[in-house]
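A short worksheet on the structure shown next.
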Amino acid sequence: MSFDENNKNDDGRVRLRVLGISYSQIQSGAYALILAQADGPYRIPVVVGAAEAQSIAIKMEGIVPPRPMTHDLFASLAQAYGVVLRDVFIHKFEDGIFSSELTFVDGQGREVVLDARTSDAIAIAMRTKAPIYTTREILAETGFLMEVKEADAADLPSDSEIAEVMAPKLENLAIEELERTLARHIELEEYEEAAKVQAIINAKKSGQA
C-alpha cells in the first residue's frame, strides 16, 4: 500500500477524520465508527459502544444536549484549567482492538500522554478540534480502499468488510466462546468454518491435557 505524502505527518503518522457511524453486525448493541484518511481513499472501522456512538453522533449532527455529556464535561474541564488536547494517536491494533493515546499540553508547555479507549479519545477530540492520527502500518492492516466521493455515510465499508477486520482471531478466544462459535456455524450450515473452529478447539483441549 502506498500513501500520498500530503496525508501523513512529518513523523510518518497519518491524519484521520471522522466520516460516519453505522450499526455493527458484529456485536449486538455496538456501532462501527468509520474513520477516513484525510484527503485520501482509506477507511478504518472502529467498533464502539452505544453510549460513545451517541456522543459522537450528537457532535457530528451539531446537536446541543440540554445538559453536558461526559465528553463535553471533560473538554470543558480541560479548557477551564488551560489544558489543550494536542492530538489523539491511535498507535496499536491487536486482536480487533485499537489502542489510543491523548497528548495534553498545559500553559507551561508541560506535556502529558494518557491512555484512552479510542471511542472516548475521538469523542473528546471532536469537541476540542484536536487532530486524530494513526500509523501507516495500522492503516495498511485495517484500512479499506474506497473510491473517493463525497464524504457521506454512503462511502462506508460493508458489514462483511468490517467484520473481517474487527473480529478477534479465533486462536485467541476461550474454549467456551469457540464452542458457541462452532454451534453458530453448524446452525447456519457453514461446515467449512465449523471444521476450522473444531480444529482449534481440539488443539486447545489437547494442550490442556
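Ligands are numbered from 1 in the order shown, chains are lettered A, B, ... in the order of the C-alpha cells, and residues start at 1 in each chain.
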Given only C-alpha atoms, how would the per-residue table for stretch 71-119 of chain A near stretch 131-138 of chain A read, listing every residue at most 12 Å away with its closest atom pair and distance in Å to one decimal, sorted by chain and number, as CSV?
residue,atom,partner,partner_atom,distance
A:Val84,CA,A:Pro131,CA,11.8
A:Leu85,CA,A:Pro131,CA,8.9
A:Arg86,CA,A:Pro131,CA,7.4
A:Asp87,CA,A:Pro131,CA,5.0
A:Val88,CA,A:Ile132,CA,4.7
A:Phe89,CA,A:Tyr133,CA,4.8
A:Ile90,CA,A:Thr134,CA,4.7
A:His91,CA,A:Thr134,CA,5.8
A:Lys92,CA,A:Ile138,CA,7.1
A:Phe93,CA,A:Ile138,CA,6.6
A:Glu94,CA,A:Ile138,CA,9.8
A:Gly96,CA,A:Ile138,CA,11.4
A:Ile97,CA,A:Ile138,CA,11.3
A:Phe98,CA,A:Ile138,CA,9.2
A:Ser99,CA,A:Thr134,CA,10.1
A:Ser100,CA,A:Thr134,CA,8.8
A:Glu101,CA,A:Tyr133,CA,10.0
A:Leu102,CA,A:Ile132,CA,9.6
A:Thr103,CA,A:Pro131,CA,10.7
A:Thr118,CA,A:Ile132,CA,10.3
A:Ser119,CA,A:Ile132,CA,11.8
Could you give me, as JSON lines, every stretch 73-120 of chain A residue with an atom at most 12 Å from stretch 51-68 of chain A, plus its closest atom pair and distance in Å to one decimal, counting only C-alpha atoms, rows ordered by chain then number?
{"residue": "A:Leu73", "atom": "CA", "partner": "A:Pro68", "partner_atom": "CA", "distance": 5.9}
{"residue": "A:Phe74", "atom": "CA", "partner": "A:Pro68", "partner_atom": "CA", "distance": 9.5}
{"residue": "A:Ala75", "atom": "CA", "partner": "A:Pro68", "partner_atom": "CA", "distance": 10.1}
{"residue": "A:Ser76", "atom": "CA", "partner": "A:Pro68", "partner_atom": "CA", "distance": 9.2}
{"residue": "A:Leu77", "atom": "CA", "partner": "A:Pro68", "partner_atom": "CA", "distance": 11.4}
{"residue": "A:Arg117", "atom": "CA", "partner": "A:Glu52", "partner_atom": "CA", "distance": 10.2}
{"residue": "A:Thr118", "atom": "CA", "partner": "A:Glu52", "partner_atom": "CA", "distance": 9.9}
{"residue": "A:Ser119", "atom": "CA", "partner": "A:Glu52", "partner_atom": "CA", "distance": 6.2}
{"residue": "A:Asp120", "atom": "CA", "partner": "A:Glu52", "partner_atom": "CA", "distance": 6.8}
Would you list the contacts of A:Ala30 as a list in words, taking every protein, DNA or RNA residue within 7 Å and counting only C-alpha atoms, but skipping same-chain residues closer than 4 positions in sequence?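 Counting only the stated atoms, we get Tyr23, Ser24, Val47, Val48, Gly49 and Ala50 of chain A.
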Looking at A:Ala130, A:Phe144, A:Asp11, A:Glu111, which one is nearest to A:Ile44, with distances taken over only C-alpha atoms?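 The answer is A:Phe144, which sits nearest to A:Ile44.
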Point out the residue among A:Ala199, A:Thr70, A:Phe104, A:Arg43 with the least atom-to-atom distance to A:Leu145, counting only C-alpha atoms. A:Arg43
For the helix (DSSP H, G or I) assignment from backbone DSSP, which residues of stretch 46-161 of chain A qualify? Please present them as a ChimeraX atom specification. /A:50-60,70-80,118-128,136-142,153-155,159-161
May I ask which of the residues A:Ala36, A:Ala123, A:Ala195, A:Ala183 is the closest one to A:Val14, counting only C-alpha atoms?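 With only C-alpha atoms as the atom set, the closest residue is A:Ala36.
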